[in-house]
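Undergrad: Questions regarding the structure given below will be posed in turn.
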2 protein chains.
Amino acid sequence: MWLRPPRASREGPPLSQARIVEEAVALLDEQGIDGLTMRRLAERLGSGVTTLYWHVDTKDDVVDLALDAVFAHLQTPTGTPDPTRWREDIADLLHDWRAAMLRHPWSAALLQRPTLGPNLLARMEFLQATLVATGLSGARLTAATWTLYNYVMGATVARASHDLSDEDREAAQRRLHELRDRYPTLSAHEYMLKDDWEAAFTAGLGYVLNGIAADTGPAAR
Amino acid sequence: MWLRPPRASREGPPLSQARIVEEAVALLDEQGIDGLTMRRLAERLGSGVTTLYWHVDTKDDVVDLALDAVFAHLQTPTGTPDPTRWREDIADLLHDWRAAMLRHPWSAALLQRPTLGPNLLARMEFLQATLVATGLSGARLTAATWTLYNYVMGATVARASHDLSDEDREAAQRRLHELRDRYPTLSAHEYMLKDDWEAAFTAGLGYVLNGIAADTGPAAR
DNA sequence: ACCGGTACCGGTACAACGTTCTAGTGCGGG
DNA sequence: CCCGCACTAGAACGTTGTACCGGTACCGGT
């Protein structure tokens, strides 16, 4: 009866969806996608497991919110885009996009859900608006938009998934050498040893932008 | 003692890793990534759950093998590539690559692991060999290889993840219209309603190839 | 004809998970 | 004073991946 524990009496700020998401991101950063557990999350928040379900319907909600939170930090520039600077503007956007995801590598694994969070949409809006300002529209606009989107996503996923330890990378390249009959080119050009991802990303983005530039209106060139 | 069941006496072919992987792919096709369970898999194979663990170390092994199996069907052309046909050859390869993954939509979600299965490596080998034949080498070769890889992967992941039902797509576009103050461009250009993915993929691939072409040796043009 | 080992099979068990059900507790407004 | 709302959480259920261990069929050697 008496002498039951004093019930902790509302310490700290009350639980909220925002606090849950914030802690979820931290947990994901530390332990990766498999480390995110409702129980662990509750423990870190100093709350009961089931309490989380008052603020959130399901674990997937937490994941979706955490994913969009990754893109929260940047205030994408607003206002009418400058058509003469479209290449730089898009390059900046995509570099930042990729950097945000690589800062939280688990996010690359979560792109199986459609791009519908507010922060992601804001980036998409800026991307497409810039392309419109170059004179693109219709099918060519769609193609350009998605080509750029595909490229960043692909580059980020590839980067995150090929981020092996040095030993693993060397072991993989060694195996390629052993199989050099089957993979002569990969073996000769050190497919697995590449490590300047940043330069490769920039160069590839240059290719894509060049390809698109040939299709824009004269205002952009 | 007596009258115990006759023990079924080795019906069918003995379990093997190949049979497990084959059935895993079928199960993934029918039920998606969450439908793949060691218990369900065992049931479909008519074996005990733990028996699977004789042929396979862990569930992740099954997943890795199933992923590479998706790329098994195509015999990638071997022999020295023809530099005058590099665009067509690469376009064919990437179209097939994407088609193989879309035939098994769960595969797009599994690209978090590096590209090391034999079938994936064979495709990579062909891709890079074709690029070498155009005269690329060094950093430019690396950039071109990964740009193409990134583009297919991105396109496939994006396609698989944005494959909503018609209602969902319309609901999403309706929400965009409601928020047209924040997303004027996306709202005006029907961002969510695009459905000719095939054309967009082809057009985007054209951009990328054009961008790369400007960087190849004269032999390729 | 027997033995022993290798290859393979599968029941039981366990810890961890996501989630539902239900029973609370404190606080602000009538 | 107390009702109801916002919030908290324990207990429990069903499902998951996997370790442990006791089996059975078959095969080569003696």
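Just remember, in the structure tokens the first chain shown is A, the second B, etc., residues are 1-based per chain, and ligands are 1-based in the order shown.
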Hey, what does DSSP flag as alpha helix (DSSP H) within range 56-218 of chain B? Can you give it to me as number ranges by chain?
TA: B: 59-70, 86-103, 118-133, 138-161, 166-178, 184-188, 197-213
Undergrad: Env of range 10-27 of chain C: 12 Å cut, atoms = only C-alpha atoms (C1' of nucleotides), seq-sep filter 4 positions within chain, self excluded. Answer as a compact mmCIF listing (two decimals) with C-alpha atoms (C1' of nucleotides), in the first residue's frame.
TA:
# COMPACT_ATOMS: atom_id res chain seq x y z
CA PRO A 6 6.82 7.57 -5.58
CA ARG A 7 5.83 7.30 -9.25
CA ALA A 8 8.52 9.63 -10.56
CA SER A 9 6.03 12.47 -10.83
CA ARG A 10 6.36 13.92 -14.32
CA ASP A 34 18.10 -3.29 -36.66
CA GLY A 35 18.87 -1.39 -33.50
CA LEU A 36 15.61 0.49 -33.63
CA THR A 37 13.25 -1.29 -31.29
CA MET A 38 10.21 0.05 -29.60
CA ARG A 39 11.53 -1.27 -26.30
CA ARG A 40 14.96 0.31 -26.69
CA VAL A 49 7.03 0.77 -24.16
CA THR A 50 3.34 1.02 -24.68
CA THR A 51 3.31 4.70 -23.94
CA LEU A 52 4.84 5.26 -27.34
CA TYR A 53 1.69 3.95 -28.90
CA VAL A 56 2.27 6.99 -32.70
CA ASP A 57 0.13 4.36 -34.37
CA THR A 58 2.78 1.90 -35.35
CA LYS A 59 6.51 1.45 -35.61
CA ASP A 60 6.39 2.19 -39.31
CA ARG B 7 8.13 -41.72 -41.49
CA ALA B 42 10.02 -24.76 -44.62
CA GLY B 46 7.65 -29.84 -46.86
CA SER B 47 10.51 -29.87 -44.42
CA GLY B 48 11.12 -28.97 -40.82
CA VAL B 49 12.08 -25.43 -40.02
CA THR B 50 15.41 -26.21 -38.56
CA THR B 51 16.34 -28.44 -41.43
CA LEU B 52 16.86 -25.33 -43.51
CA TYR B 53 19.72 -24.42 -41.26
CA TRP B 54 21.67 -27.42 -42.42
C1' DC D 3 -15.91 14.16 -13.73
C1' DG D 4 -13.46 13.43 -17.78
C1' DC D 5 -9.48 14.10 -20.54
C1' DA D 6 -4.53 13.51 -21.56
C1' DC D 7 -1.37 10.52 -20.79
C1' DT D 8 1.23 6.42 -18.72
C1' DA D 9 2.35 1.60 -18.30
C1' DG D 10 2.07 -3.61 -16.78
C1' DA D 11 0.78 -8.02 -18.48
C1' DA D 12 0.08 -10.85 -22.10
C1' DC D 13 -0.30 -12.80 -26.96
C1' DG D 14 1.34 -14.37 -31.17
C1' DT D 15 5.26 -14.48 -34.23
C1' DT D 16 9.92 -14.26 -35.39
C1' DG D 17 15.19 -16.11 -36.02
C1' DT D 18 18.03 -19.42 -34.30
C1' DA D 19 20.75 -22.89 -30.87
C1' DC D 20 20.68 -27.34 -29.01
C1' DC D 21 20.31 -32.01 -29.38
C1' DG D 22 18.53 -36.37 -30.32
C1' DG D 23 17.49 -38.78 -34.06
C1' DT D 24 17.42 -41.69 -39.02
Undergrad: Per residue of range 138-157 of chain B within 12 Å of range 106-118 of chain A, what are the shortest atom pair and its distance in Å to one decimal, counting only C-alpha atoms, with rows by chain and residue number, as a tab-separated table?
TA:
residue	atom	partner	partner_atom	distance
B:Met153	CA	A:Leu111	CA	11.7
B:Gly154	CA	A:Leu111	CA	9.9
B:Ala155	CA	A:Leu111	CA	11.8
B:Thr156	CA	A:Gln112	CA	10.3
B:Val157	CA	A:Gln112	CA	6.8
Undergrad: Starting from chain A, keep only residues with some atom at most 6 Å from an atom of chain B, counting only C-alpha atoms, and report them as a ChimeraX atom specification.
TA: /A:109,112-114,125,129,143,147,150-151,153-155,161-162,183,185-186,200,204,207-208,210-212
Undergrad: What's the separation between CA of Arg85 in chain B and CA of Arg180 in chain A, in Å to one decimal place?
TA: 24.8 Å
Undergrad: So how far away is CA of Val70 in chain B from CA of Arg98 in chain B, in Å?
TA: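 If I compute the distance from CA of Arg98 in chain B to CA of Val70 in chain B, I get 10.8 Å.
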Undergrad: Tell me, as number ranges by chain, which residues lie within 12 Å of DG28 in chain D, counting only C-alpha atoms (C1' of nucleotides); anything in the same chain fewer than 2 positions away does not count.
TA: C: 3-6; D: 26, 30
Undergrad: Determine the nearest neighbour of chain C from the options B:Arg44, B:Arg19, B:His55, B:His177, counting only C-alpha atoms (C1' of nucleotides).
TA: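 For chain C, the nearest of the given residues is B:His55.
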Undergrad: Write out as a PyMOL selection string the residues lying within 9 Å of Ala100 in chain A, counting only C-alpha atoms (C1' of nucleotides) and excluding same-chain residues fewer than 3 positions away.
TA: chain A and resi 70-71+73-74+95-97+103-105
Undergrad: In Å to one decimal, how far is CA of Leu193 in chain A from CA of Gln173 in chain A?
TA: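 Calculated distance between CA of Gln173 in chain A and CA of Leu193 in chain A is 6.9 Å.
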